[in-house]
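Pasting work22.cif here (mmCIF, C-alpha atoms (C1' of nucleotides)):
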```
data_run
#
loop_
_atom_site.label_atom_id
_atom_site.label_comp_id
_atom_site.auth_asym_id
_atom_site.auth_seq_id
_atom_site.Cartn_x
_atom_site.Cartn_y
_atom_site.Cartn_z
CA MET A 115 -9.75 -3.51 -10.79
CA ASP A 116 -11.87 -3.52 -13.91
CA LEU A 117 -14.42 -5.74 -12.22
CA TYR A 118 -14.93 -3.13 -9.54
CA TYR A 119 -15.51 -0.47 -12.20
CA GLN A 120 -18.03 -2.78 -13.84
CA LYS A 121 -19.87 -3.24 -10.57
CA LEU A 122 -20.02 0.53 -10.17
CA GLU A 123 -21.20 1.08 -13.73
CA GLN A 124 -23.86 -1.59 -13.44
CA PHE A 125 -25.05 0.06 -10.28
CA MET A 126 -25.19 3.46 -11.96
CA GLU A 127 -27.46 2.02 -14.63
CA THR A 128 -29.98 0.91 -12.03
CA LEU A 129 -29.99 4.34 -10.43
CA ASP A 130 -33.39 6.04 -10.64
CA GLU A 131 -33.94 9.40 -12.34
CA GLU A 132 -34.92 11.04 -9.11
CA THR A 133 -31.70 10.21 -7.30
CA MET A 134 -29.60 11.25 -10.29
CA ARG A 135 -31.43 14.54 -10.50
CA ALA A 136 -30.93 15.22 -6.80
CA VAL A 137 -27.18 14.72 -7.12
CA GLU A 138 -26.97 16.89 -10.22
CA ASN A 139 -28.77 19.64 -8.37
CA VAL A 140 -26.05 19.93 -5.75
CA SER A 141 -23.12 19.61 -8.13
CA VAL A 142 -21.39 22.67 -9.49
CA LYS A 143 -19.18 22.83 -12.56
CA LYS A 144 -15.87 24.58 -12.03
CA THR A 145 -12.69 25.15 -13.99
CA PHE A 146 -9.12 25.43 -12.80
CA LYS A 147 -5.82 26.42 -14.37
CA LYS A 148 -2.75 24.22 -14.56
CA GLY A 149 -0.91 24.52 -11.27
CA ASP A 150 -3.98 25.50 -9.22
CA LEU A 151 -4.60 23.57 -6.04
CA LEU A 152 -7.87 21.72 -5.54
CA LEU A 153 -6.86 21.11 -1.95
CA GLU A 154 -4.07 22.65 0.08
CA GLN A 155 -2.07 21.02 2.82
CA GLY A 156 -3.86 21.52 6.15
CA GLU A 157 -7.16 22.37 4.47
CA ILE A 158 -10.20 20.20 5.17
CA CYS A 159 -11.40 18.34 2.10
CA LYS A 160 -15.01 19.49 1.86
CA TYR A 161 -15.62 18.63 -1.75
CA SER A 162 -15.31 15.75 -4.12
CA PHE A 163 -14.19 16.66 -7.63
CA SER A 164 -15.40 14.60 -10.53
CA LEU A 165 -13.08 15.28 -13.45
CA ILE A 166 -14.69 16.19 -16.75
CA ASN A 167 -11.41 16.79 -18.47
CA GLY A 168 -7.79 17.45 -17.67
CA VAL A 169 -5.41 15.74 -15.26
CA ALA A 170 -4.80 16.20 -11.54
CA ARG A 171 -2.57 14.58 -8.96
CA LYS A 172 -2.57 14.08 -5.22
CA PHE A 173 0.67 14.07 -3.22
CA TYR A 174 2.17 14.65 0.20
CA TYR A 175 5.47 15.78 1.63
CA GLY A 176 7.54 13.02 3.24
CA GLN A 177 10.56 14.08 5.31
CA LYS A 178 12.94 13.62 2.43
CA LYS A 179 10.82 13.47 -0.66
CA VAL A 180 7.46 14.23 -2.17
CA ILE A 181 5.24 11.21 -2.71
CA THR A 182 2.56 11.24 -5.39
CA THR A 183 -0.29 8.99 -4.30
CA GLU A 184 -2.68 9.22 -7.21
CA PHE A 185 -3.33 10.69 -10.64
CA TYR A 186 -6.79 11.60 -11.82
CA PHE A 187 -8.13 11.66 -15.37
CA ALA A 188 -11.54 12.37 -16.92
CA GLY A 189 -14.20 10.32 -15.15
CA ASP A 190 -12.21 9.89 -11.92
CA VAL A 191 -13.31 11.30 -8.61
CA ALA A 192 -10.64 13.22 -6.73
CA LEU A 193 -10.63 13.63 -2.96
CA SER A 194 -8.34 13.13 0.00
CA PHE A 195 -9.86 10.05 1.59
CA ASN A 196 -8.79 10.62 5.16
CA SER A 197 -9.54 14.32 5.24
CA TYR A 198 -12.86 13.93 3.45
CA LEU A 199 -14.17 11.19 5.71
CA LEU A 200 -13.03 12.54 9.04
CA GLN A 201 -13.26 16.20 8.06
CA LYS A 202 -9.83 16.90 9.47
CA PRO A 203 -6.91 18.85 7.96
CA SER A 204 -5.39 17.12 4.98
CA GLU A 205 -1.79 15.93 4.77
CA GLU A 206 -2.32 15.56 1.07
CA VAL A 207 -2.35 18.23 -1.59
CA MET A 208 -4.32 18.03 -4.82
CA GLU A 209 -2.94 19.92 -7.76
CA CYS A 210 -3.96 20.47 -11.38
CA VAL A 211 -1.46 18.96 -13.75
CA THR A 212 -3.28 20.58 -16.68
CA ASP A 213 -6.20 22.97 -16.98
CA LEU A 214 -9.17 21.23 -15.46
CA THR A 215 -12.96 21.07 -15.59
CA VAL A 216 -14.73 19.35 -12.72
CA GLU A 217 -18.13 18.72 -11.20
CA CYS A 218 -17.79 19.70 -7.60
CA ILE A 219 -20.04 18.27 -4.85
CA SER A 220 -19.86 19.39 -1.25
CA ARG A 221 -19.63 16.60 1.27
CA ASP A 222 -22.24 18.21 3.49
CA ASN A 223 -24.77 18.23 0.68
CA PHE A 224 -23.95 14.71 -0.32
CA GLU A 225 -24.28 13.40 3.22
CA LYS A 226 -27.66 15.10 3.52
CA LEU A 227 -28.78 13.53 0.27
CA LYS A 228 -27.81 10.11 1.58
CA GLN A 229 -30.60 10.44 4.16
CA SER A 230 -33.29 10.90 1.53
CA PHE A 231 -31.74 8.72 -1.16
CA PRO A 232 -30.38 5.61 0.51
CA LYS A 233 -29.09 4.31 -2.78
CA LEU A 234 -26.34 6.85 -2.43
CA ILE A 235 -25.05 4.89 0.55
CA ALA A 236 -24.73 1.84 -1.64
CA TYR A 237 -22.96 4.01 -4.21
CA ASP A 238 -20.57 5.22 -1.56
CA LEU A 239 -19.87 1.65 -0.58
CA LEU A 240 -19.05 0.63 -4.14
CA PHE A 241 -16.84 3.64 -4.57
CA THR A 242 -14.96 2.85 -1.37
CA GLU A 243 -14.60 -0.80 -2.35
CA LEU A 244 -13.06 0.30 -5.61
CA TYR A 245 -10.61 2.52 -3.78
CA ALA A 246 -9.67 -0.19 -1.28
CA ALA A 247 -9.11 -2.68 -4.08
CA TRP A 248 -6.94 -0.15 -5.86
CA LEU A 249 -4.91 0.40 -2.71
CA GLU A 250 -4.48 -3.33 -2.24
CA GLU A 251 -3.11 -3.62 -5.74
CA ARG A 252 -0.74 -0.71 -5.24
CA LEU A 253 0.54 -2.30 -2.05
CA PHE A 254 1.02 -5.54 -3.92
CA ASP A 255 3.04 -3.71 -6.57
CA PHE A 256 5.38 -2.22 -4.00
CA ASN A 257 5.80 -5.54 -2.24
CA VAL A 258 6.54 -7.83 -5.14
CA LEU A 259 7.57 -5.78 -8.17
CA SER A 260 10.96 -4.21 -8.80
CA ALA A 261 11.23 -0.59 -9.90
CA THR A 262 11.52 -1.72 -13.51
CA GLU A 263 8.50 -3.99 -13.25
CA ARG A 264 6.39 -1.25 -11.70
CA TYR A 265 7.38 1.07 -14.52
CA ARG A 266 6.56 -1.52 -17.16
CA LYS A 267 3.20 -2.28 -15.61
CA LEU A 268 2.23 1.37 -15.43
CA MET A 269 3.36 2.00 -18.98
CA HIS A 270 1.42 -0.99 -20.21
CA LYS A 271 -1.79 -0.45 -18.24
CA SER A 272 -1.91 3.33 -18.29
CA PRO A 273 0.12 4.78 -21.13
CA GLN A 274 -1.90 7.98 -20.81
CA TYR A 275 0.27 8.78 -17.79
CA PHE A 276 3.21 9.45 -20.03
CA HIS A 277 1.66 12.14 -22.15
CA GLN A 278 0.77 14.98 -19.85
CA ILE A 279 2.72 14.10 -16.73
CA LYS A 280 6.32 14.91 -16.03
CA LEU A 281 8.77 12.22 -15.14
CA THR A 282 9.47 13.68 -11.70
CA HIS A 283 5.86 13.02 -10.77
CA ILE A 284 5.77 9.59 -12.31
CA ALA A 285 8.92 8.67 -10.43
CA SER A 286 7.44 9.89 -7.16
CA TYR A 287 4.30 7.86 -7.91
CA LEU A 288 6.34 4.74 -8.61
CA GLY A 289 8.33 5.25 -5.43
CA ILE A 290 11.68 5.66 -7.16
CA SER A 291 14.08 8.54 -7.76
CA LEU A 292 13.93 10.56 -10.95
CA GLU A 293 17.39 9.35 -11.91
CA THR A 294 16.46 5.72 -11.52
CA LEU A 295 13.38 6.23 -13.65
CA SER A 296 15.48 7.89 -16.31
CA ARG A 297 17.87 4.93 -16.30
CA ILE A 298 15.06 2.41 -16.52
CA ARG A 299 13.71 4.25 -19.55
CA ALA A 300 17.12 4.36 -21.19
CA ARG A 301 17.53 0.61 -20.75
CA ILE A 302 14.23 -0.38 -22.38
CA MET B 755 -7.03 4.72 12.38
CA ASP B 756 -8.53 4.96 15.84
CA LEU B 757 -11.02 7.54 14.63
CA TYR B 758 -12.36 5.06 12.12
CA TYR B 759 -12.80 2.47 14.86
CA GLN B 760 -14.64 5.09 16.90
CA LYS B 761 -16.97 5.84 14.02
CA LEU B 762 -17.69 2.15 13.70
CA GLU B 763 -18.30 1.72 17.42
CA GLN B 764 -20.57 4.74 17.57
CA PHE B 765 -22.53 3.30 14.72
CA MET B 766 -22.82 -0.08 16.43
CA GLU B 767 -24.36 1.62 19.44
CA THR B 768 -27.12 3.10 17.33
CA LEU B 769 -27.89 -0.29 15.81
CA ASP B 770 -31.39 -1.53 16.66
CA GLU B 771 -32.04 -4.81 18.46
CA GLU B 772 -33.81 -6.27 15.48
CA THR B 773 -30.90 -5.85 13.11
CA MET B 774 -28.44 -7.19 15.70
CA ARG B 775 -30.63 -10.22 16.28
CA ALA B 776 -30.92 -10.91 12.55
CA VAL B 777 -27.15 -10.93 12.19
CA GLU B 778 -26.66 -13.14 15.22
CA ASN B 779 -29.12 -15.60 13.76
CA VAL B 780 -26.99 -16.22 10.71
CA SER B 781 -23.65 -16.32 12.50
CA VAL B 782 -22.13 -19.61 13.57
CA LYS B 783 -19.46 -20.09 16.20
CA LYS B 784 -16.56 -22.28 15.09
CA THR B 785 -13.18 -23.30 16.44
CA PHE B 786 -9.95 -24.04 14.62
CA LYS B 787 -6.59 -25.48 15.56
CA LYS B 788 -3.29 -23.70 15.17
CA GLY B 789 -2.12 -24.21 11.61
CA ASP B 790 -5.62 -24.76 10.19
CA LEU B 791 -6.55 -22.73 7.14
CA LEU B 792 -9.56 -20.44 7.22
CA LEU B 793 -9.16 -19.91 3.49
CA GLU B 794 -7.01 -21.81 1.01
CA GLN B 795 -5.34 -20.43 -2.07
CA GLY B 796 -7.76 -20.66 -5.01
CA GLU B 797 -10.79 -21.07 -2.74
CA ILE B 798 -13.59 -18.49 -2.91
CA CYS B 799 -13.93 -16.52 0.30
CA LYS B 800 -17.57 -17.19 1.20
CA TYR B 801 -17.39 -16.29 4.86
CA SER B 802 -16.27 -13.50 7.09
CA PHE B 803 -14.66 -14.59 10.35
CA SER B 804 -15.04 -12.41 13.38
CA LEU B 805 -12.32 -13.45 15.86
CA ILE B 806 -13.42 -14.16 19.41
CA ASN B 807 -9.98 -15.21 20.49
CA GLY B 808 -6.69 -16.36 19.06
CA VAL B 809 -4.58 -14.95 16.24
CA ALA B 810 -4.73 -15.46 12.49
CA ARG B 811 -2.82 -14.12 9.52
CA LYS B 812 -3.43 -13.58 5.83
CA PHE B 813 -0.63 -14.00 3.28
CA TYR B 814 0.11 -14.72 -0.35
CA TYR B 815 2.91 -16.27 -2.36
CA GLY B 816 5.00 -13.81 -4.36
CA GLN B 817 7.41 -15.29 -6.94
CA LYS B 818 10.32 -15.15 -4.55
CA LYS B 819 8.86 -14.75 -1.11
CA VAL B 820 5.75 -15.06 1.01
CA ILE B 821 4.10 -11.76 1.89
CA THR B 822 1.98 -11.47 5.02
CA THR B 823 -0.69 -8.85 4.45
CA GLU B 824 -2.52 -8.77 7.75
CA PHE B 825 -2.72 -10.19 11.26
CA TYR B 826 -6.01 -10.64 13.07
CA PHE B 827 -6.67 -10.54 16.81
CA ALA B 828 -9.78 -10.80 18.97
CA GLY B 829 -12.44 -8.37 17.67
CA ASP B 830 -11.03 -8.19 14.13
CA VAL B 831 -12.89 -9.42 11.08
CA ALA B 832 -10.91 -11.67 8.77
CA LEU B 833 -11.64 -12.03 5.08
CA SER B 834 -9.89 -11.80 1.73
CA PHE B 835 -11.24 -8.53 0.42
CA ASN B 836 -10.93 -9.19 -3.28
CA SER B 837 -12.18 -12.77 -3.17
CA TYR B 838 -15.01 -11.94 -0.81
CA LEU B 839 -16.34 -9.03 -2.84
CA LEU B 840 -16.02 -10.47 -6.30
CA GLN B 841 -16.52 -14.09 -5.25
CA LYS B 842 -13.57 -15.22 -7.24
CA PRO B 843 -10.71 -17.57 -6.27
CA SER B 844 -8.45 -16.11 -3.65
CA GLU B 845 -4.76 -15.43 -4.12
CA GLU B 846 -4.54 -15.01 -0.39
CA VAL B 847 -4.43 -17.70 2.28
CA MET B 848 -5.74 -17.24 5.81
CA GLU B 849 -4.11 -19.36 8.47
CA CYS B 850 -4.52 -19.81 12.23
CA VAL B 851 -1.44 -18.67 14.08
CA THR B 852 -2.90 -20.06 17.31
CA ASP B 853 -6.02 -22.04 18.18
CA LEU B 854 -8.96 -19.90 17.20
CA THR B 855 -12.60 -19.24 18.03
CA VAL B 856 -14.62 -17.25 15.48
CA GLU B 857 -18.12 -16.15 14.60
CA CYS B 858 -18.58 -17.12 11.02
CA ILE B 859 -21.08 -15.39 8.70
CA SER B 860 -21.72 -16.48 5.14
CA ARG B 861 -21.59 -13.70 2.61
CA ASP B 862 -24.76 -14.94 0.91
CA ASN B 863 -26.68 -14.64 4.15
CA PHE B 864 -25.25 -11.27 4.93
CA GLU B 865 -26.04 -9.90 1.47
CA LYS B 866 -29.60 -11.12 1.83
CA LEU B 867 -29.90 -9.44 5.21
CA LYS B 868 -28.72 -6.18 3.68
CA GLN B 869 -31.97 -6.11 1.65
CA SER B 870 -34.17 -6.22 4.73
CA PHE B 871 -31.87 -4.29 7.07
CA PRO B 872 -30.43 -1.37 5.14
CA LYS B 873 -28.40 -0.29 8.13
CA LEU B 874 -26.11 -3.18 7.32
CA ILE B 875 -25.15 -1.39 4.12
CA ALA B 876 -24.02 1.57 6.18
CA TYR B 877 -22.13 -0.85 8.42
CA ASP B 878 -20.46 -2.34 5.38
CA LEU B 879 -19.47 1.12 4.26
CA LEU B 880 -17.87 1.98 7.59
CA PHE B 881 -16.04 -1.32 7.66
CA THR B 882 -14.70 -0.77 4.15
CA GLU B 883 -13.68 2.80 4.99
CA LEU B 884 -11.71 1.48 7.94
CA TYR B 885 -9.97 -1.03 5.73
CA ALA B 886 -9.15 1.55 3.07
CA ALA B 887 -7.76 3.92 5.70
CA TRP B 888 -5.66 1.08 7.09
CA LEU B 889 -4.33 0.31 3.60
CA GLU B 890 -3.49 3.96 3.02
CA GLU B 891 -1.47 4.01 6.20
CA ARG B 892 0.35 0.81 5.32
CA LEU B 893 1.22 2.25 1.93
CA PHE B 894 2.47 5.37 3.65
CA ASP B 895 4.68 3.26 5.90
CA PHE B 896 6.27 1.49 2.95
CA ASN B 897 6.81 4.75 1.11
CA VAL B 898 8.37 6.88 3.78
CA LEU B 899 9.65 4.69 6.60
CA SER B 900 12.86 2.66 6.62
CA ALA B 901 12.84 -0.98 7.70
CA THR B 902 13.94 0.07 11.19
CA GLU B 903 11.26 2.74 11.46
CA ARG B 904 8.55 0.32 10.35
CA TYR B 905 9.71 -2.15 12.95
CA ARG B 906 9.74 0.48 15.68
CA LYS B 907 6.29 1.72 14.76
CA LEU B 908 4.80 -1.76 14.81
CA MET B 909 6.49 -2.58 18.07
CA HIS B 910 5.21 0.63 19.60
CA LYS B 911 1.65 0.57 18.28
CA SER B 912 1.02 -3.15 18.41
CA PRO B 913 3.34 -4.92 20.85
CA GLN B 914 0.90 -7.82 20.96
CA TYR B 915 2.33 -8.87 17.61
CA PHE B 916 5.52 -9.98 19.25
CA HIS B 917 4.08 -12.45 21.66
CA GLN B 918 2.36 -15.08 19.63
CA ILE B 919 3.81 -14.44 16.20
CA LYS B 920 7.10 -15.73 14.85
CA LEU B 921 9.68 -13.38 13.49
CA THR B 922 9.53 -14.90 10.02
CA HIS B 923 5.94 -13.74 9.74
CA ILE B 924 6.60 -10.34 11.22
CA ALA B 925 9.45 -9.85 8.77
CA SER B 926 7.24 -10.81 5.86
CA TYR B 927 4.60 -8.39 7.14
CA LEU B 928 7.14 -5.56 7.41
CA GLY B 929 8.41 -6.31 3.92
CA ILE B 930 11.95 -7.19 5.01
CA SER B 931 14.00 -10.37 5.19
CA LEU B 932 14.15 -12.38 8.37
CA GLU B 933 17.88 -11.68 8.65
CA THR B 934 17.39 -7.93 8.40
CA LEU B 935 14.70 -8.05 11.08
CA SER B 936 17.03 -10.02 13.31
CA ARG B 937 19.75 -7.41 12.81
CA ILE B 938 17.39 -4.54 13.53
CA ARG B 939 16.39 -6.21 16.78
CA ALA B 940 20.01 -6.80 17.75
CA ARG B 941 20.79 -3.13 17.20
CA ILE B 942 18.00 -1.74 19.40
"C1'" DC C 519 15.34 33.22 -32.85
"C1'" DT C 520 17.76 33.79 -28.38
"C1'" DG C 521 18.71 33.46 -23.86
"C1'" DA C 522 16.78 31.75 -19.49
"C1'" DT C 523 14.57 28.33 -16.93
"C1'" DT C 524 13.03 23.89 -16.21
"C1'" DT C 525 13.28 19.00 -17.09
"C1'" DT C 526 15.80 14.90 -18.14
"C1'" DT C 527 19.91 12.22 -18.78
"C1'" DT C 528 24.43 10.50 -17.62
"C1'" DG C 529 28.36 9.43 -14.58
"C1'" DA C 530 30.70 8.25 -10.26
"C1'" DC C 531 30.06 6.77 -5.87
"C1'" DT C 532 27.29 5.21 -1.54
"C1'" DT C 533 24.07 2.55 1.06
"C1'" DA C 534 20.12 -0.09 2.87
"C1'" DG C 535 18.77 -4.20 2.69
"C1'" DG C 536 19.07 -8.90 0.36
"C1'" DT C 537 21.22 -13.57 -0.21
"C1'" DC C 538 23.70 -17.60 1.04
"C1'" DA C 539 25.74 -20.36 4.44
"C1'" DA C 540 26.70 -21.81 8.91
"C1'" DA C 541 26.11 -21.82 13.85
"C1'" DG C 542 23.30 -21.28 18.08
"C1'" DG C 543 18.79 -21.67 20.46
"C1'" DT C 544 14.29 -23.34 21.57
"C1'" DA C 545 10.52 -26.39 21.61
"C1'" DA C 546 8.46 -30.64 21.11
"C1'" DC C 547 8.36 -35.84 21.11
"C1'" DT C 548 9.74 -40.36 22.71
"C1'" DA D 1232 17.30 -36.52 29.22
"C1'" DG D 1233 18.25 -36.99 24.32
"C1'" DT D 1234 17.06 -36.45 19.64
"C1'" DT D 1235 14.84 -34.18 15.93
"C1'" DA D 1236 12.94 -30.34 13.78
"C1'" DC D 1237 12.31 -25.75 13.58
"C1'" DC D 1238 13.57 -20.69 14.64
"C1'" DT D 1239 16.74 -17.08 15.07
"C1'" DT D 1240 21.20 -15.00 14.95
"C1'" DT D 1241 25.60 -13.95 12.92
"C1'" DG D 1242 29.03 -13.34 9.23
"C1'" DA D 1243 30.64 -12.41 4.49
"C1'" DC D 1244 29.42 -10.75 0.37
"C1'" DC D 1245 26.18 -8.73 -3.35
"C1'" DT D 1246 22.87 -5.71 -5.64
"C1'" DA D 1247 19.10 -2.51 -6.59
"C1'" DA D 1248 18.33 1.79 -6.03
"C1'" DG D 1249 19.70 6.35 -3.94
"C1'" DT D 1250 22.61 10.61 -3.87
"C1'" DC D 1251 25.30 14.29 -5.63
"C1'" DA D 1252 27.02 16.77 -9.41
"C1'" DA D 1253 27.25 18.13 -13.99
"C1'" DA D 1254 25.89 17.92 -18.88
"C1'" DA D 1255 22.35 17.82 -22.35
"C1'" DA D 1256 17.61 18.57 -23.95
"C1'" DA D 1257 13.38 20.61 -23.93
"C1'" DT D 1258 10.26 24.43 -22.93
"C1'" DC D 1259 9.18 29.11 -22.39
"C1'" DA D 1260 9.34 34.31 -22.44
"C1'" DG D 1261 10.50 38.14 -24.83
#
```

Give the structure from this file in structure tokens form.
Amino acid sequence: MDLYYQKLEQFMETLDEETMRAVENVSVKKTFKKGDLLLEQGEICKYSFSLINGVARKFYYGQKKVITTEFYFAGDVALSFNSYLLQKPSEEVMECVTDLTVECISRDNFEKLKQSFPKLIAYDLLFTELYAAWLEERLFDFNVLSATERYRKLMHKSPQYFHQIKLTHIASYLGISLETLSRIRARI
Amino acid sequence: MDLYYQKLEQFMETLDEETMRAVENVSVKKTFKKGDLLLEQGEICKYSFSLINGVARKFYYGQKKVITTEFYFAGDVALSFNSYLLQKPSEEVMECVTDLTVECISRDNFEKLKQSFPKLIAYDLLFTELYAAWLEERLFDFNVLSATERYRKLMHKSPQYFHQIKLTHIASYLGISLETLSRIRARI
DNA sequence: CTGATTTTTTGACTTAGGTCAAAGGTAACT
DNA sequence: AGTTACCTTTGACCTAAGTCAAAAAATCAG
């Protein structure tokens, strides 16, 4: 994971002023209140949100339960992958867990910029690689780790999750019931 | 899923002769026997394998069980994502399920070509998007479908899996034990 | 500070799927 | 065809995690 971030950061350092400037010109700072939705179910994801501060989460409604697919913190980029890329209605919802400040870039603008600034295509690639690697790891976790191990790993790697986020959401992110999570915590 | 394939195909159609030719020049046709390994555990994944015919699979060793992460058929591109991108030793193994014919392209060559043929970067992006979308769907399946539902879905969407592939491998791909798979099949 | 609402914990019970062991099947080799 | 090795099915039992219900804790509004 970290190696993918490094790759991205290294790339950012080699990015020319001009390209940076062009991106900044199309990005708009916005603020949201806790509980606001960045993206509703059925809405097309037309923007990417780069978090400046605050916490957000992405989730969807399964038949029986709500599944949280991702949490976002400062520095992360929030979007619904499928909806953003295909510009079709989103199954996923994005919600502010706390008050939020973001830099907001419309996909249309960004795609246009890619024509004039081809480096942005390479950026897109790196970003997507990072996401795919993250998904691979998450899949790995579900396949080989027990509920307790997943909890331990999350707690160890990302303790920040446990400050602002309620246990219901953490449980739904770990793919376990709230009660099971509570029991795991009691046992440790 | 299909929409991502479409995007890729559309893109391929717009690809100029020159770029195509350049890629063909660095790709080498190879054949393998059933049981041969395309990539061993601990080896660095230096090649991508584009299947011409036959079936392959990718898997890794969990503590308790073997997990099959992907099957490849004619037209698919086989590689270990993490090892290929970071050029580090692979946890995953790629194995021929049947005799195999592939077009083999070294990553070094391909990366060099990307300098002179920037369209290949866009290709890479589309390919990675497809993979990420596929991973998202797989994660979805594990999160909301029962063992039986996962089996049904696979059987329905990809019946070709059940010809050449043994049940042990299908079970390990579906994330269930061989016995459970056998029982599901008996019940349907 | 108090009552109301939301979140988390605890308890009792259920269940999907796993494990271990043995028996049938199938294929492959001589 | 007969033997060996591998696959798959079946049976008996086990376990991690889920569900339902109620109590306890924390948070919030007035």

Neighbouring residues of stretch 521-534 of chain C were defined as those with any atom within 8 Å, considering all atoms listed in the file; residues of the same chain fewer than 5 positions away were excluded. Please report them as JSON, numbers by chain. {"A": [293, 296, 297], "D": [1249, 1250, 1254, 1255, 1256, 1257, 1258, 1259]}

Determine which residues of chain A sit within 9 Å of chain B, taking into account only C-alpha atoms, and present them as a ChimeraX atom specification. /A:117-118,176-179,181,195-196,199-200,232,235-236,238-240,242-243,245-247,249-250,252-253,256-258,289

Kindly export the residues of the current selection with C-alpha atoms, as a PDB file, in the coordinates of the input.
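The result, stored in out.pdb:
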```pdb
ATOM      1  CA  LEU A 117     -14.420  -5.740 -12.220  1.00  0.00           C
ATOM      2  CA  TYR A 118     -14.930  -3.130  -9.540  1.00  0.00           C
ATOM      3  CA  GLY A 176       7.540  13.020   3.240  1.00  0.00           C
ATOM      4  CA  GLN A 177      10.560  14.080   5.310  1.00  0.00           C
ATOM      5  CA  LYS A 178      12.940  13.620   2.430  1.00  0.00           C
ATOM      6  CA  LYS A 179      10.820  13.470  -0.660  1.00  0.00           C
ATOM      7  CA  ILE A 181       5.240  11.210  -2.710  1.00  0.00           C
ATOM      8  CA  PHE A 195      -9.860  10.050   1.590  1.00  0.00           C
ATOM      9  CA  ASN A 196      -8.790  10.620   5.160  1.00  0.00           C
ATOM     10  CA  LEU A 199     -14.170  11.190   5.710  1.00  0.00           C
ATOM     11  CA  LEU A 200     -13.030  12.540   9.040  1.00  0.00           C
ATOM     12  CA  PRO A 232     -30.380   5.610   0.510  1.00  0.00           C
ATOM     13  CA  ILE A 235     -25.050   4.890   0.550  1.00  0.00           C
ATOM     14  CA  ALA A 236     -24.730   1.840  -1.640  1.00  0.00           C
ATOM     15  CA  ASP A 238     -20.570   5.220  -1.560  1.00  0.00           C
ATOM     16  CA  LEU A 239     -19.870   1.650  -0.580  1.00  0.00           C
ATOM     17  CA  LEU A 240     -19.050   0.630  -4.140  1.00  0.00           C
ATOM     18  CA  THR A 242     -14.960   2.850  -1.370  1.00  0.00           C
ATOM     19  CA  GLU A 243     -14.600  -0.800  -2.350  1.00  0.00           C
ATOM     20  CA  TYR A 245     -10.610   2.520  -3.780  1.00  0.00           C
ATOM     21  CA  ALA A 246      -9.670  -0.190  -1.280  1.00  0.00           C
ATOM     22  CA  ALA A 247      -9.110  -2.680  -4.080  1.00  0.00           C
ATOM     23  CA  LEU A 249      -4.910   0.400  -2.710  1.00  0.00           C
ATOM     24  CA  GLU A 250      -4.480  -3.330  -2.240  1.00  0.00           C
ATOM     25  CA  ARG A 252      -0.740  -0.710  -5.240  1.00  0.00           C
ATOM     26  CA  LEU A 253       0.540  -2.300  -2.050  1.00  0.00           C
ATOM     27  CA  PHE A 256       5.380  -2.220  -4.000  1.00  0.00           C
ATOM     28  CA  ASN A 257       5.800  -5.540  -2.240  1.00  0.00           C
ATOM     29  CA  VAL A 258       6.540  -7.830  -5.140  1.00  0.00           C
ATOM     30  CA  GLY A 289       8.330   5.250  -5.430  1.00  0.00           C
TER      31      GLY A 289
END
```

Residues picked by the PyMOL selection byres ((chain D) within 12 of (chain B)) here, as a PDB file with C-alpha atoms (C1' of nucleotides), in the frame of the given file?
```pdb
ATOM      1  C1'  DC D1237      12.310 -25.750  13.580  1.00  0.00           C
ATOM      2  C1'  DC D1238      13.570 -20.690  14.640  1.00  0.00           C
ATOM      3  C1'  DT D1239      16.740 -17.080  15.070  1.00  0.00           C
ATOM      4  C1'  DT D1240      21.200 -15.000  14.950  1.00  0.00           C
ATOM      5  C1'  DT D1241      25.600 -13.950  12.920  1.00  0.00           C
ATOM      6  C1'  DG D1242      29.030 -13.340   9.230  1.00  0.00           C
TER       7       DG D1242
END
```

Which distance in Å separates atom CA of A:Phe224 and atom CA of A:Ser162, to one decimal?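 Calculated distance between atom CA of A:Phe224 and atom CA of A:Ser162 is 9.5 Å.
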
Could you list the residues in chain C lying within 10 Å of chain B, using all atoms listed in the file, and format the result as a list of chain:residue names?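 Using all atoms listed in the file, chain C residues at most 10 Å from chain B: C:DA534, C:DG535, C:DG536, C:DT537.
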
Explicit residues for the PyMOL selection byres ((chain A and resi 204) around 6) (as a ChimeraX atom specification): /A:155-158,197,203,205-206

Could you jot down the atom CA of B:Glu857 to atom CA of B:Lys784 separation for me, Å, one decimal place? 6.3 Å
